$ cat final.cif   # mmCIF, C-alpha atoms
data_entry
#
loop_
_atom_site.label_atom_id
_atom_site.label_comp_id
_atom_site.auth_asym_id
_atom_site.auth_seq_id
_atom_site.Cartn_x
_atom_site.Cartn_y
_atom_site.Cartn_z
CA MET Z 1 100.24 94.96 106.12
CA LEU Z 2 98.69 98.31 107.08
CA LYS Z 3 96.30 98.18 104.13
CA ARG Z 4 95.23 94.66 105.07
CA LEU Z 5 94.70 95.69 108.72
CA ILE Z 6 92.54 98.66 107.71
CA ALA Z 7 90.54 96.43 105.37
CA VAL Z 8 89.89 93.93 108.17
CA ILE Z 9 88.76 96.72 110.50
CA MET Z 10 86.46 98.14 107.83
CA MET Z 11 84.91 94.73 107.12
CA ALA Z 12 84.38 94.21 110.86
CA LEU Z 13 82.61 97.55 111.10
CA ALA Z 14 80.49 96.61 108.09
CA CYS Z 15 79.43 93.43 109.89
CA CYS Z 16 78.28 95.54 112.84
CA SER Z 17 76.37 98.01 110.69
CA PRO Z 18 72.88 96.57 111.34
CA ALA Z 19 73.33 97.22 115.11
CA ARG Z 20 74.47 100.76 114.51
CA ALA Z 21 71.70 101.31 111.97
CA GLN Z 22 69.20 100.73 114.78
CA ASP Z 23 70.20 104.09 116.30
CA ASN Z 24 68.61 105.66 113.20
CA THR Z 25 71.87 107.29 112.10
CA PRO Z 26 71.57 107.71 108.31
CA ILE Z 27 74.20 105.93 106.25
CA ALA Z 28 75.86 107.64 103.27
CA ARG Z 29 77.70 105.28 100.93
CA ILE Z 30 80.63 106.46 98.81
CA GLY Z 31 81.47 104.31 95.80
CA VAL Z 32 85.23 104.45 95.15
CA LEU Z 33 87.02 103.02 92.12
CA ALA Z 34 89.08 100.08 93.42
CA TYR Z 35 91.63 99.98 90.60
CA LEU Z 36 94.20 98.31 92.89
CA GLY Z 37 91.74 96.00 94.58
CA TYR Z 38 89.30 96.04 97.50
CA GLU Z 39 91.84 96.35 100.30
CA ASP Z 40 93.73 99.18 98.64
CA ALA Z 41 90.52 101.15 98.05
CA LEU Z 42 89.52 100.89 101.72
CA ALA Z 43 93.00 101.93 102.87
CA ARG Z 44 93.43 104.70 100.27
CA TRP Z 45 90.17 106.44 101.18
CA HIS Z 46 89.93 105.54 104.87
CA GLY Z 47 91.14 109.01 105.87
CA LEU Z 48 88.42 110.64 103.79
CA LYS Z 49 85.75 108.43 105.36
CA THR Z 50 86.84 109.24 108.93
CA TYR Z 51 87.13 112.93 108.04
CA LEU Z 52 83.53 113.00 106.80
CA ASP Z 53 82.38 110.98 109.83
CA SER Z 54 83.84 113.60 112.16
CA SER Z 55 82.78 116.58 110.05
CA LEU Z 56 79.17 115.38 109.63
CA PRO Z 57 78.36 113.43 112.84
CA ALA Z 58 74.68 113.25 111.88
CA TYR Z 59 75.67 110.68 109.22
CA ARG Z 60 77.75 107.54 109.09
CA PHE Z 61 79.82 107.11 105.91
CA GLU Z 62 80.72 103.80 104.30
CA LEU Z 63 83.12 103.02 101.45
CA VAL Z 64 81.84 100.79 98.67
CA PRO Z 65 84.54 99.57 96.24
CA LEU Z 66 83.61 99.83 92.55
CA THR Z 67 85.19 98.40 89.42
CA LEU Z 68 84.99 99.72 85.87
CA ALA Z 69 82.65 96.87 85.03
CA SER Z 70 80.47 96.77 88.16
CA ALA Z 71 79.95 100.48 88.90
CA SER Z 72 76.95 101.05 86.65
CA THR Z 73 75.06 98.08 88.12
CA GLN Z 74 75.88 99.14 91.67
CA ILE Z 75 74.62 102.67 90.98
CA ALA Z 76 71.44 101.42 89.32
CA SER Z 77 70.68 99.13 92.27
CA GLY Z 78 71.03 101.97 94.79
CA GLN Z 79 74.17 100.68 96.50
CA VAL Z 80 75.90 104.09 96.55
CA ASP Z 81 74.97 107.73 97.12
CA PHE Z 82 78.25 109.27 95.93
CA VAL Z 83 80.83 108.24 93.33
CA LEU Z 84 84.57 108.87 93.41
CA THR Z 85 86.37 107.71 90.27
CA ASN Z 86 88.68 108.75 87.46
CA PRO Z 87 87.38 111.43 85.06
CA GLY Z 88 86.98 109.12 82.06
CA HIS Z 89 84.96 106.61 84.07
CA PHE Z 90 82.84 109.43 85.52
CA VAL Z 91 81.95 110.70 82.05
CA ASP Z 92 80.90 107.18 81.01
CA LEU Z 93 78.77 106.76 84.14
CA SER Z 94 77.17 110.21 83.94
CA ALA Z 95 75.92 109.39 80.44
CA LYS Z 96 73.82 106.59 82.00
CA HIS Z 97 73.03 107.90 85.50
CA ALA Z 98 72.01 111.36 86.69
CA MET Z 99 74.78 112.75 88.90
CA SER Z 100 76.58 116.01 89.51
CA VAL Z 101 80.14 116.86 90.52
CA ILE Z 102 80.29 118.57 93.91
CA ALA Z 103 84.10 118.78 94.22
CA SER Z 104 87.24 117.99 92.23
CA ARG Z 105 90.38 116.42 93.64
CA SER Z 106 93.61 118.37 93.97
CA VAL Z 107 96.87 116.39 94.22
CA LEU Z 108 100.22 117.31 95.77
CA GLN Z 109 102.85 117.83 93.05
CA SER Z 110 106.60 117.35 92.93
CA ASP Z 111 107.19 121.07 93.61
CA GLY Z 112 105.12 121.01 96.82
CA HIS Z 113 101.87 122.62 95.73
CA TYR Z 114 98.52 121.15 94.72
CA GLU Z 115 97.14 120.86 91.17
CA SER Z 116 93.61 119.96 90.05
CA ASP Z 117 94.63 118.72 86.59
CA PHE Z 118 96.95 116.04 85.23
CA GLY Z 119 98.03 114.24 82.07
CA SER Z 120 100.22 111.38 80.92
CA LEU Z 121 103.96 111.05 80.43
CA ILE Z 122 105.34 109.22 77.38
CA PHE Z 123 108.96 108.18 77.76
CA ALA Z 124 111.72 105.91 76.44
CA ARG Z 125 115.09 104.79 77.71
CA ALA Z 126 117.69 107.47 77.00
CA ASP Z 127 119.96 105.24 74.88
CA THR Z 128 117.31 104.09 72.38
CA GLY Z 129 117.37 107.11 70.07
CA ILE Z 130 113.59 107.49 70.38
CA THR Z 131 112.78 111.22 70.44
CA VAL Z 132 109.34 111.82 68.87
CA LEU Z 133 105.94 110.15 69.02
CA THR Z 134 106.13 108.73 65.50
CA ASP Z 135 109.22 106.74 66.54
CA ALA Z 136 106.75 104.36 68.20
CA ALA Z 137 106.03 102.81 64.79
CA GLY Z 138 107.28 99.23 64.88
CA LYS Z 139 108.20 99.47 68.57
CA THR Z 140 106.83 97.87 71.74
CA VAL Z 141 104.69 100.25 73.83
CA ALA Z 142 103.71 99.50 77.44
CA ALA Z 143 100.68 101.01 79.20
CA ILE Z 144 98.21 100.13 81.98
CA ASP Z 145 94.98 99.16 80.25
CA LYS Z 146 93.13 100.27 77.14
CA MET Z 147 90.40 101.71 79.40
CA ALA Z 148 92.85 103.47 81.75
CA PHE Z 149 92.37 107.23 81.40
CA GLY Z 150 95.70 108.67 82.57
CA GLY Z 151 97.46 105.36 82.01
CA PHE Z 152 96.66 105.16 78.29
CA GLN Z 153 93.80 107.13 76.73
CA THR Z 154 95.20 110.64 77.17
CA ALA Z 155 98.46 109.52 75.52
CA TRP Z 156 96.58 107.62 72.80
CA ARG Z 157 95.11 110.92 71.67
CA GLU Z 158 98.54 112.54 71.23
CA PHE Z 159 99.78 109.60 69.17
CA ASP Z 160 96.58 109.73 67.12
CA ASN Z 161 97.06 113.45 66.47
CA ALA Z 162 100.62 112.70 65.37
CA GLY Z 163 99.22 110.27 62.79
CA LEU Z 164 100.21 107.01 64.49
CA ASN Z 165 97.73 104.29 65.46
CA LEU Z 166 99.01 102.56 68.59
CA PHE Z 167 96.75 99.56 67.99
CA THR Z 168 97.91 98.77 64.47
CA GLU Z 169 101.29 100.45 63.81
CA THR Z 170 103.34 99.31 66.81
CA ALA Z 171 105.17 96.00 67.01
CA GLU Z 172 103.27 95.27 70.22
CA LEU Z 173 100.97 97.20 72.53
CA VAL Z 174 101.31 95.65 76.00
CA PHE Z 175 98.85 96.37 78.82
CA VAL Z 176 100.56 95.43 82.08
CA GLY Z 177 97.87 96.42 84.61
CA PHE Z 178 98.62 97.90 88.02
CA PRO Z 179 100.85 98.82 89.73
CA MET Z 180 101.86 101.48 87.23
CA ASP Z 181 105.53 101.19 88.27
CA GLU Z 182 105.69 98.03 86.13
CA VAL Z 183 105.52 100.18 82.97
CA VAL Z 184 108.67 102.03 84.05
CA THR Z 185 110.41 98.76 84.95
CA ARG Z 186 109.73 97.35 81.49
CA VAL Z 187 111.14 100.38 79.74
CA ALA Z 188 114.17 100.56 82.03
CA THR Z 189 115.00 96.88 81.46
CA GLY Z 190 114.44 96.96 77.69
CA ARG Z 191 111.29 94.82 77.67
CA ALA Z 192 109.40 97.79 76.20
CA ASP Z 193 110.66 100.62 74.00
CA ILE Z 194 108.15 103.26 75.10
CA GLY Z 195 106.07 103.63 78.26
CA ILE Z 196 102.90 105.54 79.15
CA VAL Z 197 102.22 106.49 82.78
CA ARG Z 198 100.20 109.06 84.67
CA SER Z 199 102.02 112.34 85.24
CA GLY Z 200 103.87 112.57 88.55
CA LEU Z 201 104.88 108.90 88.75
CA ILE Z 202 108.37 109.40 87.28
CA GLU Z 203 109.03 112.30 89.67
CA ARG Z 204 108.07 110.10 92.63
CA LEU Z 205 110.28 107.22 91.48
CA ILE Z 206 113.23 109.57 90.90
CA ALA Z 207 112.71 111.22 94.32
CA ASP Z 208 112.68 107.75 95.94
CA GLY Z 209 116.04 106.96 94.32
CA HIS Z 210 114.85 104.23 91.93
CA TYR Z 211 115.97 106.08 88.79
CA ASN Z 212 117.79 109.19 87.60
CA ALA Z 213 116.06 111.76 85.42
CA SER Z 214 118.76 111.21 82.78
CA ASP Z 215 117.84 107.50 82.44
CA PHE Z 216 114.94 108.41 80.15
CA THR Z 217 113.97 110.56 77.20
CA TYR Z 218 110.62 112.32 77.62
CA LEU Z 219 108.49 112.67 74.48
CA ASN Z 220 106.18 115.49 73.37
CA THR Z 221 106.84 117.59 76.49
CA SER Z 222 106.00 120.75 74.51
CA ALA Z 223 102.32 119.76 74.73
CA THR Z 224 102.00 121.46 78.12
CA TYR Z 225 104.25 124.16 79.54
CA ASP Z 226 102.60 125.27 82.78
CA HIS Z 227 102.73 122.15 84.98
CA PRO Z 228 105.34 121.19 87.61
CA ASN Z 229 105.58 117.55 86.45
CA ARG Z 230 106.77 116.22 83.09
CA ILE Z 231 103.75 116.03 80.78
CA SER Z 232 103.42 114.63 77.24
CA THR Z 233 99.73 115.38 76.77
CA ARG Z 234 97.25 118.16 77.24
CA LEU Z 235 95.88 118.56 80.76
CA TYR Z 236 92.66 117.02 82.05
CA PRO Z 237 90.73 117.62 85.31
CA GLU Z 238 91.43 115.43 88.32
CA TRP Z 239 89.06 112.86 89.85
CA PRO Z 240 85.55 114.18 90.59
CA PHE Z 241 83.50 113.56 93.72
CA ALA Z 242 79.94 113.22 92.37
CA ALA Z 243 76.54 113.02 94.07
CA LEU Z 244 73.76 110.94 92.55
CA ALA Z 245 70.55 112.77 91.69
CA GLY Z 246 68.52 111.08 94.43
CA VAL Z 247 70.76 112.17 97.31
CA ASP Z 248 69.14 114.41 99.92
CA PRO Z 249 70.14 117.99 98.95
CA ALA Z 250 71.04 118.79 102.59
CA LEU Z 251 73.46 115.84 102.69
CA ARG Z 252 74.87 116.68 99.25
CA ASP Z 253 75.54 120.30 100.24
CA SER Z 254 77.02 119.32 103.61
CA VAL Z 255 79.44 116.87 101.98
CA ALA Z 256 80.43 119.47 99.38
CA LEU Z 257 81.11 122.04 102.11
CA ALA Z 258 83.14 119.53 104.14
CA LEU Z 259 85.26 118.61 101.13
CA LEU Z 260 85.96 122.22 100.20
CA SER Z 261 86.89 122.94 103.82
CA ALA Z 262 89.19 119.92 104.20
CA LYS Z 263 92.41 121.84 103.65
CA THR Z 264 91.81 124.11 106.66
CA SER Z 265 89.39 122.09 108.78
CA PRO Z 266 90.61 120.97 112.24
CA HIS Z 267 89.00 117.59 111.54
CA SER Z 268 91.48 116.93 108.74
CA GLU Z 269 94.65 117.36 110.79
CA ALA Z 270 94.56 113.90 112.35
CA ARG Z 271 93.02 112.15 109.32
CA ARG Z 272 96.10 112.24 107.08
CA LEU Z 273 94.06 113.06 103.99
CA ARG Z 274 95.90 112.20 100.78
CA TYR Z 275 94.24 114.97 98.79
CA VAL Z 276 92.49 118.32 99.10
CA TRP Z 277 89.41 119.38 97.17
CA THR Z 278 88.42 122.34 95.02
CA ALA Z 279 85.18 123.62 93.56
CA PRO Z 280 84.01 121.47 90.61
CA VAL Z 281 85.91 122.00 87.36
CA ALA Z 282 84.66 121.45 83.80
CA TYR Z 283 84.96 117.93 82.35
CA HIS Z 284 84.25 118.83 78.70
CA ALA Z 285 87.78 117.91 77.61
CA VAL Z 286 87.27 114.44 79.08
CA GLU Z 287 83.96 114.04 77.26
CA GLU Z 288 85.61 115.02 73.97
CA LEU Z 289 88.41 112.50 74.47
CA ASN Z 290 86.02 109.71 75.48
CA GLU Z 291 83.92 110.26 72.38
CA ALA Z 292 86.92 110.26 70.04
CA TYR Z 293 88.42 107.20 71.68
CA ALA Z 294 85.15 105.24 71.65
CA GLN Z 295 84.62 105.97 67.95
CA ARG Z 296 88.14 104.89 67.03
CA VAL Z 297 88.06 101.73 69.16
CA GLU Z 298 84.66 100.78 67.73
CA ALA Z 299 86.00 101.28 64.21
CA LEU Z 300 89.04 99.15 65.02
CA SER Z 301 86.84 96.43 66.50
CA LEU Z 302 84.73 96.42 63.34
CA LEU Z 303 87.81 96.07 61.16
CA GLN Z 304 89.05 93.18 63.29
CA LYS Z 305 85.69 91.42 62.97
CA LEU Z 306 85.74 91.94 59.19
CA TRP Z 307 89.27 90.60 59.00
CA ARG Z 308 88.34 87.45 60.94
CA SER Z 309 85.37 86.84 58.64
CA TRP Z 310 87.11 87.76 55.36
CA PRO Z 311 86.65 84.32 53.69
CA LEU Z 312 82.89 84.50 54.14
CA LEU Z 313 82.87 88.18 53.18
CA ILE Z 314 84.75 87.52 49.93
CA GLY Z 315 82.53 84.62 48.98
CA SER Z 316 79.15 86.16 49.77
CA VAL Z 317 79.65 89.89 49.21
CA LEU Z 318 82.89 91.01 47.66
CA LEU Z 319 83.14 88.43 44.89
CA PRO Z 320 79.71 89.29 43.38
CA LEU Z 321 80.56 93.00 43.61
CA LEU Z 322 83.89 92.45 41.86
CA LEU Z 323 82.18 90.49 39.09
CA LEU Z 324 79.60 93.25 38.68
CA ALA Z 325 82.32 95.90 38.56
CA ALA Z 326 84.21 93.92 35.91
CA ALA Z 327 81.07 93.67 33.79
CA LEU Z 328 80.48 97.42 34.04
CA ARG Z 329 84.08 98.15 33.04
CA LEU Z 330 83.48 96.31 29.75
CA LYS Z 331 80.57 98.60 28.93
CA ARG Z 332 82.09 102.01 29.71
CA PRO Z 333 85.45 103.52 30.55
CA LEU Z 334 86.31 104.35 34.09
CA ALA Z 335 85.95 107.96 35.16
CA ARG Z 336 89.20 109.71 35.86
CA PRO Z 337 89.93 110.41 39.49
CA PRO Z 338 89.52 114.05 40.56
CA SER Z 339 92.65 116.14 40.41
CA GLY Z 340 94.03 118.28 43.22
CA THR Z 341 96.25 117.94 46.25
CA PRO Z 342 94.74 115.90 49.09
CA GLN Z 343 94.09 117.85 52.28
CA PRO Z 344 95.79 116.65 55.48
CA GLU Z 345 93.68 115.08 58.22
CA LEU Z 346 92.96 117.52 61.06
CA THR Z 347 91.64 117.07 64.57
CA ASN Z 348 88.51 118.92 65.68
CA ARG Z 349 90.60 121.37 67.70
CA GLU Z 350 92.92 122.02 64.75
CA ARG Z 351 89.91 122.78 62.53
CA GLU Z 352 88.62 125.25 65.12
CA ILE Z 353 91.95 127.03 65.36
CA LEU Z 354 92.48 127.03 61.58
CA GLY Z 355 89.09 128.67 61.09
CA LEU Z 356 89.89 131.39 63.62
CA ILE Z 357 93.33 131.97 62.05
CA ALA Z 358 91.60 132.43 58.69
CA GLU Z 359 89.35 135.05 60.30
CA GLY Z 360 92.44 136.98 61.39
CA PHE Z 361 92.38 136.32 65.15
CA SER Z 362 95.66 136.35 67.11
CA SER Z 363 96.81 133.46 69.33
CA LYS Z 364 95.71 135.30 72.48
CA GLU Z 365 92.27 136.02 71.00
CA ILE Z 366 91.89 132.39 69.92
CA ALA Z 367 92.93 131.23 73.39
CA ARG Z 368 90.25 133.40 75.02
CA LYS Z 369 87.55 132.21 72.61
CA LEU Z 370 88.35 128.51 73.13
CA GLY Z 371 89.22 128.69 76.83
CA ILE Z 372 92.75 127.33 76.40
CA SER Z 373 96.22 128.79 76.92
CA PRO Z 374 98.05 130.80 74.20
CA LYS Z 375 100.86 128.22 74.37
CA THR Z 376 98.38 125.49 73.47
CA VAL Z 377 97.17 127.57 70.51
CA GLU Z 378 100.78 128.01 69.37
CA PHE Z 379 101.30 124.27 69.67
CA HIS Z 380 98.33 123.58 67.36
CA ARG Z 381 99.39 126.39 65.00
CA ALA Z 382 102.82 124.74 64.66
CA ASN Z 383 101.15 121.40 63.89
CA LEU Z 384 99.01 123.05 61.21
CA LEU Z 385 102.03 124.69 59.57
CA LYS Z 386 103.77 121.31 59.54
CA LYS Z 387 100.80 119.42 58.12
CA TYR Z 388 100.28 121.95 55.30
CA GLU Z 389 104.05 122.47 54.81
CA ALA Z 390 103.44 126.20 55.16
CA ARG Z 391 105.97 128.81 56.27
CA SER Z 392 103.53 131.45 57.51
CA SER Z 393 99.94 131.84 58.66
CA SER Z 394 98.96 133.57 55.42
CA GLN Z 395 100.40 130.72 53.37
CA LEU Z 396 98.62 128.25 55.70
CA VAL Z 397 95.26 129.93 55.07
CA ALA Z 398 95.89 130.00 51.33
CA LEU Z 399 96.77 126.29 51.21
CA ALA Z 400 93.79 125.34 53.36
CA SER Z 401 91.30 127.36 51.28
#

$ encode --input "final.cif" --output "structure tokens"
Amino acid sequence: MLKRLIAVIMMALACCSPARAQDNTPIARIGVLAYLGYEDALARWHGLKTYLDSSLPAYRFELVPLTLASASTQIASGQVDFVLTNPGHFVDLSAKHAMSVIASRSVLQSDGHYESDFGSLIFARADTGITVLTDAAGKTVAAIDKMAFGGFQTAWREFDNAGLNLFTETAELVFVGFPMDEVVTRVATGRADIGIVRSGLIERLIADGHYNASDFTYLNTSATYDHPNRISTRLYPEWPFAALAGVDPALRDSVALALLSAKTSPHSEARRLRYVWTAPVAYHAVEELNEAYAQRVEALSLLQKLWRSWPLLIGSVLLPLLLLAAALRLKRPLARPPSGTPQPELTNREREILGLIAEGFSSKEIARKLGISPKTVEFHRANLLKKYEARSSSQLVALAS
């Protein structure tokens, strides 16, 4: 009811905007990802809008709901000056439109302090016997959407690194949409074997009395050690607040300053801001994940298209090739396949770390060079030892050479 009331008020103000525009007050429009719908977006970010209105009285701020599909068109047509969205969507948009991050969101955690990074939690009901990521083979997995960053893609990468393709090796991959609580409900009631949610959700549901921590088994929690919430993936930066390239630099800088001051500003006390803001953080990890995910999804889409057109493919392409190959076999013997033990498939990060191990660098030195934690290096080192079936780093280097 409150969300609907705020939405009605905001739409009424929007209707009056031409009259207010006559006082020559500049309007700054903030595009916000409306992943739960128009009304929710207006209610969720209403406090931020009123905070900026009071902090920068020379401007009037408006919220413009965006969707994953419509955002690029809205940006190109000049409907927004700023963009506030999830990190994966931001990386996609920034590849098409010139924009820069002026602040990164920081979210209140279960232990009472704020964090500017997050991940996904992968979990199963405690009585299923599911304990590791590869147990998802032949099971039903529930997530939000295949384009949801914290609701699917970050977890997809961990499954992919473990050698399991969620799209092809599960019994069913179910995308339930929002609200995200539905994923937990499906796992708890046995309609899904494994669930993927954004980190922090389980803690909130447990704190509200909906579940007990012992109701679930939490998978791959060794991926991240230094976070207050349960995490099954590596960490990624929180939502960015980005300014488009054409925004007046004075406005851009004023908004950035207001955001960074929100935690201590007197204007924020009565605004009930949901989040605080930090200086911009690096989004390279998001870019890397987006690229890997796009390549794999494109490859999967191609395979699906080939599978659907296999009768035509066999008749027009494969059959002539098979006949040609059979004719060549009659003329000369087949070459023997090369000998040797096949090398395991490694991720880009594992190749980087393997190379540095071979050069004799310690875990701490590798961590400094790559800008990650020593615990993350040890996690990848353990994966490398397992993939090569090696008992030591020296044996690992020898087997990889």

$ resolve_selection --input "final.cif" --expression "the PyMOL selection byres ((chain Z and resi 368-385) around 12)" --output "number ranges by chain"
Z: 158, 161-163, 220-226, 233-236, 282, 284-285, 343-358, 361-367, 386-400

$ resolve_selection --input "final.cif" --expression "the PyMOL selection byres ((chain Z and resi 135-143) around 7)" --output "list in words"
Ile130, Thr131, Val132, Leu133, Thr134, Ile144, Asp145, Gly151, Phe152, Glu169, Thr170, Ala171, Glu172, Leu173, Val174, Phe175, Val176, Val183, Ala192, Asp193, Ile194, Gly195, Ile196 and Val197 of chain Z

$ resolve_selection --input "final.cif" --expression "the PyMOL selection byres ((chain Z and resi 200) around 9)" --output "PyMOL selection string"
chain Z and resi 109-110+118-121+197-199+201-205+228-231

$ write_last_selection --input "final.cif" --atoms "C-alpha atoms" --output "PDB file, in the coordinates of the input"
ATOM      1  CA  GLN Z 109     102.850 117.830  93.050  1.00  0.00           C
ATOM      2  CA  SER Z 110     106.600 117.350  92.930  1.00  0.00           C
ATOM      3  CA  PHE Z 118      96.950 116.040  85.230  1.00  0.00           C
ATOM      4  CA  GLY Z 119      98.030 114.240  82.070  1.00  0.00           C
ATOM      5  CA  SER Z 120     100.220 111.380  80.920  1.00  0.00           C
ATOM      6  CA  LEU Z 121     103.960 111.050  80.430  1.00  0.00           C
ATOM      7  CA  VAL Z 197     102.220 106.490  82.780  1.00  0.00           C
ATOM      8  CA  ARG Z 198     100.200 109.060  84.670  1.00  0.00           C
ATOM      9  CA  SER Z 199     102.020 112.340  85.240  1.00  0.00           C
ATOM     10  CA  LEU Z 201     104.880 108.900  88.750  1.00  0.00           C
ATOM     11  CA  ILE Z 202     108.370 109.400  87.280  1.00  0.00           C
ATOM     12  CA  GLU Z 203     109.030 112.300  89.670  1.00  0.00           C
ATOM     13  CA  ARG Z 204     108.070 110.100  92.630  1.00  0.00           C
ATOM     14  CA  LEU Z 205     110.280 107.220  91.480  1.00  0.00           C
ATOM     15  CA  PRO Z 228     105.340 121.190  87.610  1.00  0.00           C
ATOM     16  CA  ASN Z 229     105.580 117.550  86.450  1.00  0.00           C
ATOM     17  CA  ARG Z 230     106.770 116.220  83.090  1.00  0.00           C
ATOM     18  CA  ILE Z 231     103.750 116.030  80.780  1.00  0.00           C
TER      19      ILE Z 231
END

$ closest_residue --input "final.cif" --among "Z:Ser116, Z:Ser232, Z:Ser401, Z:Thr168" --to "Z:Pro87" --atoms "only C-alpha atoms"
Z:Ser116

$ atom_distance --input "final.cif" --atom1 "atom CA of Z:Ala279" --atom2 "atom CA of Z:Trp156"
28.6 Å

$ atom_distance --input "final.cif" --atom1 "atom CA of Z:Ile122" --atom2 "atom CA of Z:Tyr218"
6.1 Å

$ residues_near_point --input "final.cif" --point "(83.0, 112.1, 93.2)" --cutoff "7 Å" --atoms "all atoms listed in the file" --output "PyMOL selection string"
chain Z and resi 82-85+101+103+239-243

$ atom_distance --input "final.cif" --atom1 "atom CA of Z:His267" --atom2 "atom CA of Z:Val80"
24.1 Å

$ residues_around --input "final.cif" --residues "Z:Arg296" --least-positions-apart "6" --cutoff "12 Å" --atoms "all atoms listed in the file" --output "PyMOL selection string"
chain Z and resi 153+156-157+160+165-168+289-290+302-303

$ closest_atom_pairs --input "final.cif" --of "stretch 50-136 of chain Z" --to "stretch 30-37 of chain Z" --cutoff "10 Å" --atoms "all atoms listed in the file" --output "tab-separated table"
residue	atom	partner	partner_atom	distance
Z:Phe61	CA	Z:Ile30	CA	7.2
Z:Glu62	CA	Z:Ile30	CA	6.1
Z:Leu63	CA	Z:Ile30	CA	5.0
Z:Val64	CA	Z:Gly31	CA	4.6
Z:Pro65	CA	Z:Val32	CA	5.0
Z:Leu66	CA	Z:Leu33	CA	4.7
Z:Thr67	CA	Z:Leu33	CA	5.7
Z:Leu68	CA	Z:Leu33	CA	7.4
Z:Ser70	CA	Z:Leu33	CA	9.9
Z:Ala71	CA	Z:Gly31	CA	8.0
Z:Gln74	CA	Z:Gly31	CA	8.7
Z:Ile75	CA	Z:Gly31	CA	8.5
Z:Gln79	CA	Z:Gly31	CA	8.2
Z:Val80	CA	Z:Gly31	CA	5.6
Z:Asp81	CA	Z:Ile30	CA	6.0
Z:Phe82	CA	Z:Ile30	CA	4.7
Z:Val83	CA	Z:Gly31	CA	4.7
Z:Leu84	CA	Z:Val32	CA	4.8
Z:Thr85	CA	Z:Leu33	CA	5.1
Z:Asn86	CA	Z:Leu33	CA	7.6
Z:His89	CA	Z:Leu33	CA	9.1

$ axis_aligned_box --input "final.cif" --around "stretch 188-198 of chain Z" --padding-each-side "8 Å" --output "AutoDock Vina command-line options"
--center_x 107.6 --center_y 101.9 --center_z 79.3 --size_x 30.8 --size_y 30.2 --size_z 26.7
